[in-house]
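Reviewing the structure listed below.
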Amino acid sequence: MGIKFEFLKAKYGDSIFISTDNTNILIDGGFTSTYTDDIKPRIKRLEEENKKLDLLILTHYDDDHIVGLNKLLIDENEKFDKTVLREVWYNSFEKEEFETFRTTTNNELFETGAKKAKKFENLICNIKPYITYRHRISIDTLIEPIESNTFTLLSPRNSDYQSNQELKITLLSPNNEKLFSLEKQYRKDLDETGTRKSDWAKDANSLLKKVEKEKDRFLDSSLANGSSLAFILEYKSNKYLFLGDAHIDLIVSSLKEMNFTPKNPLEVEFIKLSHHGSRGNMSKDFLSIVKSKNFVVMSNGKRNKHPDKETLVRIIDYYKNSESKIKFLFNYEPSSVFEGIELFSQEELSNANISIDSFELVYQHTFKGRENGE
């Protein structure tokens, strides 16, 4: 079977199901419909085959990542030792003093932050004795490699560790500073508090001129996003990069600590773009030390109008002299994501000196990894 990545329908959130012959992993849970339509049938199939969900990763507690997983825990809550879960990673704080934030968008009430985080903690209580539960995971607390059933967890400092497990996971985010900042104060950022205008109709050339001023660029300052788990997954010498909603400066710092440079870049089969392709989670430094042909965009284009065209333009421009075409892999049809807007006209591509033959926007629900490193 090799390894298979399924990019589930998570609206403007994240949910990714990973499976090999021996291991099943779920990263984030999107919303209620994500659980009902996509996650629950997969959990049922695992139970029928007498298998486990070997690892459940909640990258951080924003609503578009946690809601579906709370629905999963409701179903698992009464199973005790019969739970399908084997191991759970989630950076919880288990404190009552967190403030709950509510915002109204499109006549819907969204709750993020402590309330859903606390619900997750309460729901997992009955099954905690029967699973491995890791919280307070950071690159600073991972002193020694952690061996689990079918994978090894590492930090950038011990990433050279030779693991005999099927999968190797190297954590890139968060660090203690990011976690402590969130614990002290959770504040809402513009990207999380309401509908923002898209940049989809903007000219590619003007966006390129804008991103050339790197020192003036917008950076994601969301404390919740800063706490996001991000990591490199390795399977049979192939590497895959999962950025959650992590801050790109910490990702760059972790990769440099692993001795990746422009002359020695990290080569990965795909990059799951941070924060659904937000412009605040991309940088020249990052592109200079990571090499890939595939960029995964988890978004239906709603609410926060992700991905930003600026992010796509930045990547396309960086790879414009590449011998092979790069692909942006969406979990929704690109035409639907961009609401029928012609994202790149031939004229603006010409003005920006970007060839339309250098990239492709495609819908791809699954990505099958290679069996080996050839």
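Chain labels A, B, ... are given in the sequence in which chains occur in the structure tokens; within each chain residues are numbered consecutively from 1, and ligands are likewise numbered from 1 in the order shown.
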Open item on the list: Let's see if you can do this: from backbone DSSP, list all helix (DSSP H, G or I) residues in stretch 119-187 of chain A, as a list in words.
Closed with: Lys119, Phe120, Glu121, Asn122, Leu123, Ile124, Cys125, Asn126, Ile127, Lys128, Pro129, Tyr130, Pro156, Arg157, Asn158, Asn176, Glu177, Lys178, Leu179, Phe180, Ser181, Leu182, Glu183 and Lys184 of chain A
Expected file contents, prior selection, N, CA and C atoms, as a PDB file, in the first residue's frame:
```pdb
ATOM      1  N   LYS A 119     -13.300  21.658  26.644  1.00  0.00           N
ATOM      2  CA  LYS A 119     -14.203  20.566  26.283  1.00  0.00           C
ATOM      3  C   LYS A 119     -13.413  19.345  25.839  1.00  0.00           C
ATOM      4  N   PHE A 120     -12.377  19.580  25.051  1.00  0.00           N
ATOM      5  CA  PHE A 120     -11.516  18.485  24.607  1.00  0.00           C
ATOM      6  C   PHE A 120     -10.921  17.764  25.807  1.00  0.00           C
ATOM      7  N   GLU A 121     -10.422  18.540  26.785  1.00  0.00           N
ATOM      8  CA  GLU A 121      -9.836  17.964  27.994  1.00  0.00           C
ATOM      9  C   GLU A 121     -10.856  17.116  28.760  1.00  0.00           C
ATOM     10  N   ASN A 122     -12.066  17.645  28.890  1.00  0.00           N
ATOM     11  CA  ASN A 122     -13.095  16.918  29.631  1.00  0.00           C
ATOM     12  C   ASN A 122     -13.498  15.628  28.926  1.00  0.00           C
ATOM     13  N   LEU A 123     -13.598  15.692  27.604  1.00  0.00           N
ATOM     14  CA  LEU A 123     -14.053  14.528  26.843  1.00  0.00           C
ATOM     15  C   LEU A 123     -13.037  13.398  26.830  1.00  0.00           C
ATOM     16  N   ILE A 124     -11.778  13.746  26.953  1.00  0.00           N
ATOM     17  CA  ILE A 124     -10.749  12.715  26.866  1.00  0.00           C
ATOM     18  C   ILE A 124     -10.474  12.050  28.210  1.00  0.00           C
ATOM     19  N   CYS A 125     -11.053  12.585  29.280  1.00  0.00           N
ATOM     20  CA  CYS A 125     -10.749  12.098  30.631  1.00  0.00           C
ATOM     21  C   CYS A 125     -10.986  10.601  30.796  1.00  0.00           C
ATOM     22  N   ASN A 126     -12.121  10.091  30.296  1.00  0.00           N
ATOM     23  CA  ASN A 126     -12.463   8.689  30.500  1.00  0.00           C
ATOM     24  C   ASN A 126     -11.507   7.728  29.814  1.00  0.00           C
ATOM     25  N   ILE A 127     -10.844   8.205  28.758  1.00  0.00           N
ATOM     26  CA  ILE A 127      -9.978   7.286  28.011  1.00  0.00           C
ATOM     27  C   ILE A 127      -8.491   7.553  28.241  1.00  0.00           C
ATOM     28  N   LYS A 128      -8.181   8.591  29.022  1.00  0.00           N
ATOM     29  CA  LYS A 128      -6.766   8.899  29.284  1.00  0.00           C
ATOM     30  C   LYS A 128      -5.978   7.719  29.839  1.00  0.00           C
ATOM     31  N   PRO A 129      -6.551   6.929  30.767  1.00  0.00           N
ATOM     32  CA  PRO A 129      -5.771   5.813  31.322  1.00  0.00           C
ATOM     33  C   PRO A 129      -5.426   4.734  30.290  1.00  0.00           C
ATOM     34  N   TYR A 130      -6.129   4.746  29.149  1.00  0.00           N
ATOM     35  CA  TYR A 130      -5.963   3.665  28.185  1.00  0.00           C
ATOM     36  C   TYR A 130      -5.216   4.093  26.922  1.00  0.00           C
ATOM     37  N   PRO A 156      14.478  19.089  16.447  1.00  0.00           N
ATOM     38  CA  PRO A 156      15.562  19.442  15.525  1.00  0.00           C
ATOM     39  C   PRO A 156      16.946  19.080  16.069  1.00  0.00           C
ATOM     40  N   ARG A 157      17.073  19.047  17.395  1.00  0.00           N
ATOM     41  CA  ARG A 157      18.379  18.785  17.998  1.00  0.00           C
ATOM     42  C   ARG A 157      18.824  17.328  17.879  1.00  0.00           C
ATOM     43  N   ASN A 158      17.851  16.413  17.752  1.00  0.00           N
ATOM     44  CA  ASN A 158      18.225  14.999  17.613  1.00  0.00           C
ATOM     45  C   ASN A 158      17.657  14.381  16.346  1.00  0.00           C
ATOM     46  N   ASN A 176       8.945  26.632  23.528  1.00  0.00           N
ATOM     47  CA  ASN A 176       8.348  27.029  24.809  1.00  0.00           C
ATOM     48  C   ASN A 176       7.885  28.481  24.801  1.00  0.00           C
ATOM     49  N   GLU A 177       8.614  29.329  24.105  1.00  0.00           N
ATOM     50  CA  GLU A 177       8.233  30.743  24.055  1.00  0.00           C
ATOM     51  C   GLU A 177       6.842  30.920  23.463  1.00  0.00           C
ATOM     52  N   LYS A 178       6.560  30.192  22.380  1.00  0.00           N
ATOM     53  CA  LYS A 178       5.244  30.294  21.733  1.00  0.00           C
ATOM     54  C   LYS A 178       4.148  29.769  22.662  1.00  0.00           C
ATOM     55  N   LEU A 179       4.432  28.654  23.339  1.00  0.00           N
ATOM     56  CA  LEU A 179       3.436  28.076  24.235  1.00  0.00           C
ATOM     57  C   LEU A 179       3.177  28.969  25.441  1.00  0.00           C
ATOM     58  N   PHE A 180       4.227  29.515  26.025  1.00  0.00           N
ATOM     59  CA  PHE A 180       4.053  30.365  27.197  1.00  0.00           C
ATOM     60  C   PHE A 180       3.312  31.647  26.834  1.00  0.00           C
ATOM     61  N   SER A 181       3.552  32.166  25.633  1.00  0.00           N
ATOM     62  CA  SER A 181       2.839  33.373  25.188  1.00  0.00           C
ATOM     63  C   SER A 181       1.347  33.106  25.107  1.00  0.00           C
ATOM     64  N   LEU A 182       0.984  31.951  24.576  1.00  0.00           N
ATOM     65  CA  LEU A 182      -0.438  31.612  24.468  1.00  0.00           C
ATOM     66  C   LEU A 182      -1.040  31.383  25.856  1.00  0.00           C
ATOM     67  N   GLU A 183      -0.286  30.782  26.720  1.00  0.00           N
ATOM     68  CA  GLU A 183      -0.803  30.490  28.058  1.00  0.00           C
ATOM     69  C   GLU A 183      -1.069  31.774  28.839  1.00  0.00           C
ATOM     70  N   LYS A 184      -0.219  32.753  28.664  1.00  0.00           N
ATOM     71  CA  LYS A 184      -0.397  34.015  29.382  1.00  0.00           C
ATOM     72  C   LYS A 184      -1.557  34.824  28.840  1.00  0.00           C
TER      73      LYS A 184
END
```
A:Asp75 surroundings by only C-alpha atoms, 12 Å radius, close-in-sequence under 3 positions cut, as a tab-separated table (two decimals) with N, CA and C atoms, in the first residue's frame:
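The new file around.tsv reads:
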```
chain	number	residue	atom	x	y	z
A	35	TYR	N	-16.20	15.50	10.60
A	35	TYR	CA	-16.26	14.27	11.37
A	35	TYR	C	-17.34	13.34	10.85
A	36	THR	N	-18.53	13.87	10.64
A	36	THR	CA	-19.67	13.04	10.23
A	36	THR	C	-19.44	12.39	8.87
A	39	ILE	N	-14.43	11.55	8.79
A	39	ILE	CA	-13.65	10.90	9.85
A	39	ILE	C	-14.37	9.68	10.42
A	40	LYS	N	-15.64	9.84	10.73
A	40	LYS	CA	-16.39	8.76	11.38
A	40	LYS	C	-16.39	7.47	10.56
A	43	ILE	N	-13.06	5.80	11.03
A	43	ILE	CA	-12.93	5.22	12.37
A	43	ILE	C	-13.70	3.89	12.44
A	44	LYS	N	-14.88	3.88	11.86
A	44	LYS	CA	-15.68	2.64	11.86
A	44	LYS	C	-14.96	1.53	11.11
A	68	GLY	N	-14.24	19.11	14.92
A	68	GLY	CA	-14.48	17.74	14.50
A	68	GLY	C	-13.90	16.71	15.46
A	69	LEU	N	-12.78	17.06	16.09
A	69	LEU	CA	-12.15	16.13	17.03
A	69	LEU	C	-12.93	16.04	18.33
A	70	ASN	N	-13.56	17.14	18.73
A	70	ASN	CA	-14.45	17.05	19.90
A	70	ASN	C	-15.62	16.12	19.62
A	71	LYS	N	-16.11	16.13	18.40
A	71	LYS	CA	-17.18	15.20	18.01
A	71	LYS	C	-16.67	13.76	18.07
A	72	LEU	N	-15.45	13.55	17.63
A	72	LEU	CA	-14.85	12.22	17.72
A	72	LEU	C	-14.75	11.77	19.17
A	78	GLU	N	-17.25	7.02	25.93
A	78	GLU	CA	-17.84	5.95	26.74
A	78	GLU	C	-17.17	4.60	26.52
A	79	LYS	N	-16.14	4.57	25.69
A	79	LYS	CA	-15.54	3.27	25.33
A	79	LYS	C	-14.47	2.81	26.31
A	80	PHE	N	-13.92	3.74	27.05
A	80	PHE	CA	-12.88	3.41	28.01
A	80	PHE	C	-11.76	2.61	27.34
A	82	LYS	N	-11.85	0.30	25.33
A	82	LYS	CA	-12.21	-0.14	23.97
A	82	LYS	C	-12.01	0.98	22.95
A	83	THR	N	-11.49	2.10	23.38
A	83	THR	CA	-11.33	3.23	22.46
A	83	THR	C	-10.45	2.85	21.28
A	84	VAL	N	-10.74	3.44	20.14
A	84	VAL	CA	-9.95	3.20	18.93
A	84	VAL	C	-8.64	3.99	18.96
A	85	LEU	N	-8.56	4.95	19.88
A	85	LEU	CA	-7.38	5.80	19.96
A	85	LEU	C	-6.23	5.09	20.69
A	123	LEU	N	-13.60	15.69	27.60
A	123	LEU	CA	-14.05	14.53	26.84
A	123	LEU	C	-13.04	13.40	26.83
A	124	ILE	N	-11.78	13.75	26.95
A	124	ILE	CA	-10.75	12.71	26.87
A	124	ILE	C	-10.47	12.05	28.21
A	126	ASN	N	-12.12	10.09	30.30
A	126	ASN	CA	-12.46	8.69	30.50
A	126	ASN	C	-11.51	7.73	29.81
A	127	ILE	N	-10.84	8.21	28.76
A	127	ILE	CA	-9.98	7.29	28.01
A	127	ILE	C	-8.49	7.55	28.24
```
Task: DSSP strand (DSSP E) residues within stretch 22-53 of chain A, as number ranges by chain - done: A: 24-27
Open item on the list: So that I can check the surroundings of A:Asp203, please list as number ranges by chain every protein, DNA and RNA residue that reaches within 10 Å of it, counting only C-alpha atoms and ignoring chain neighbours fewer than 4 positions away.
Closed with: A: 199, 207-208, 309-310, 313, 343-345, 347-349, 351-352
With C-alpha atoms kept, could you save the residues just selected as a PDB file, in the first residue's frame?
```pdb
ATOM      1  CA  ASP A 199      -6.438  39.645  -2.788  1.00  0.00           C
ATOM      2  CA  LEU A 207       1.980  41.543  -5.553  1.00  0.00           C
ATOM      3  CA  LEU A 208       5.490  40.557  -6.597  1.00  0.00           C
ATOM      4  CA  LYS A 309      -2.847  35.104  -3.982  1.00  0.00           C
ATOM      5  CA  GLU A 310       0.306  36.764  -2.669  1.00  0.00           C
ATOM      6  CA  VAL A 313       2.609  34.351  -6.529  1.00  0.00           C
ATOM      7  CA  LEU A 343      -6.872  34.126 -10.534  1.00  0.00           C
ATOM      8  CA  PHE A 344      -4.174  34.594 -13.186  1.00  0.00           C
ATOM      9  CA  SER A 345      -4.806  36.192 -16.577  1.00  0.00           C
ATOM     10  CA  GLU A 347      -1.622  39.334 -19.482  1.00  0.00           C
ATOM     11  CA  GLU A 348      -0.718  39.717 -15.814  1.00  0.00           C
ATOM     12  CA  LEU A 349       1.394  36.579 -15.909  1.00  0.00           C
ATOM     13  CA  ASN A 351       3.762  41.350 -16.988  1.00  0.00           C
ATOM     14  CA  ALA A 352       5.008  39.475 -13.945  1.00  0.00           C
TER      15      ALA A 352
END
```
Can you tell me which residues surround A:Val362 at a distance of at most 10 Å, considering only C-alpha atoms, apart from same-chain residues fewer than 4 positions away, and format the answer as a PDB file with C-alpha atoms, in the first residue's frame?
```pdb
ATOM      1  CA  VAL A 296      -1.080  21.522  -0.358  1.00  0.00           C
ATOM      2  CA  LYS A 327       1.431  21.999  -8.334  1.00  0.00           C
ATOM      3  CA  PHE A 328      -0.906  23.537  -5.791  1.00  0.00           C
ATOM      4  CA  LEU A 329      -3.030  20.687  -4.482  1.00  0.00           C
ATOM      5  CA  PHE A 330      -6.428  21.801  -3.152  1.00  0.00           C
ATOM      6  CA  ASN A 331      -8.915  19.741  -1.150  1.00  0.00           C
ATOM      7  CA  TYR A 332     -11.716  21.657  -2.903  1.00  0.00           C
ATOM      8  CA  GLU A 333     -12.032  22.513  -6.568  1.00  0.00           C
ATOM      9  CA  PRO A 334      -9.916  25.646  -7.173  1.00  0.00           C
ATOM     10  CA  SER A 335     -12.676  27.273  -9.233  1.00  0.00           C
TER      11      SER A 335
END
```
Tell me, counting only C-alpha atoms, for each residue of stretch 251-308 of chain A within 8 Å of stretch 1-15 of chain A, which pair of atoms is nearest and how far apart they are in Å to one decimal, in rows ordered by chain and increasing number, as a tab-separated table.
```
residue	atom	partner	partner_atom	distance
A:His276	CA	A:Gly13	CA	7.6
A:Met298	CA	A:Asp14	CA	6.0
A:Ser299	CA	A:Tyr12	CA	4.4
A:Asn300	CA	A:Tyr12	CA	5.3
A:Gly301	CA	A:Tyr12	CA	6.5
A:Lys302	CA	A:Tyr12	CA	6.1
A:Arg303	CA	A:Tyr12	CA	7.2
A:Asn304	CA	A:Tyr12	CA	7.8
A:His306	CA	A:Tyr12	CA	7.8
```
So that I can check the surroundings of stretch 141-153 of chain A, please list as a JSON list (two decimals) with C-alpha atoms, in the first residue's frame every protein, DNA and RNA residue that reaches within 6 Å of it, counting only C-alpha atoms and ignoring chain neighbours fewer than 3 positions away.
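Saved to around_14.json:
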```json
[["chain", "number", "residue", "atom", "x", "y", "z"],
["A", 138, "SER", "CA", 7.63, 21.58, 22.17],
["A", 165, "GLN", "CA", 10.27, 2.56, 13.23],
["A", 166, "GLU", "CA", 8.12, 2.83, 10.10],
["A", 167, "LEU", "CA", 7.66, 6.58, 10.53],
["A", 168, "LYS", "CA", 9.91, 9.33, 11.84],
["A", 169, "ILE", "CA", 8.40, 12.64, 12.97],
["A", 170, "THR", "CA", 10.62, 15.66, 13.59]]
```
Open item on the list: Let me make sure I understand: among A:Lys325, A:His65, A:Arg86, A:Lys52, which one has the smallest atom-to-atom distance to A:Thr34 if we use only C-alpha atoms?
Closed with: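 The shortest atom-to-atom distance to A:Thr34 comes from A:His65.
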Task: Straight-line distance linking atom CA of A:Met282 with atom CA of A:Ser19, stated in Å to one decimal - done: 28.1 Å
Open item on the list: To one decimal place in Å, what is the distance between atom CA of A:Thr23 and atom CA of A:Asp54?
Closed with: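 Here the two named atoms are 6.1 Å from each other.
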TODO: Enter the distance from atom CA of A:Val88 to atom CA of A:Pro41, in Å, rounded to one decimal.
DONE: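 Separating atom CA of A:Val88 from atom CA of A:Pro41 is a distance of 19.4 Å.
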Task: Using only C-alpha atoms: which of A:Asp63, A:Leu266, A:Glu87, A:Ser206 has the shortest distance to A:Phe31 - done: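 Checking each candidate against A:Phe31, we get A:Asp63 as the closest.
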- [ ] Using only C-alpha atoms, find the one residue out of A:Asn77, A:Ser237, A:Thr311, A:Ser163 that sits nearest to A:Trp200.
- [x]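 That would be A:Thr311, the residue with the smallest distance to A:Trp200.
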TODO: Give the answer as one residue: which of A:Glu339, A:Glu212, A:Asp220, A:Glu360 has the shortest atom-to-atom distance to A:Lys293, using only C-alpha atoms?
DONE: A:Glu360
Open item on the list: Please list as a ChimeraX atom specification every residue within 12 Å of A:Ser283, counting only C-alpha atoms and excluding residues in the same chain fewer than 4 positions away.
Closed with: /A:211-220,247-252,273-274,277-279,287-290,310-315,318
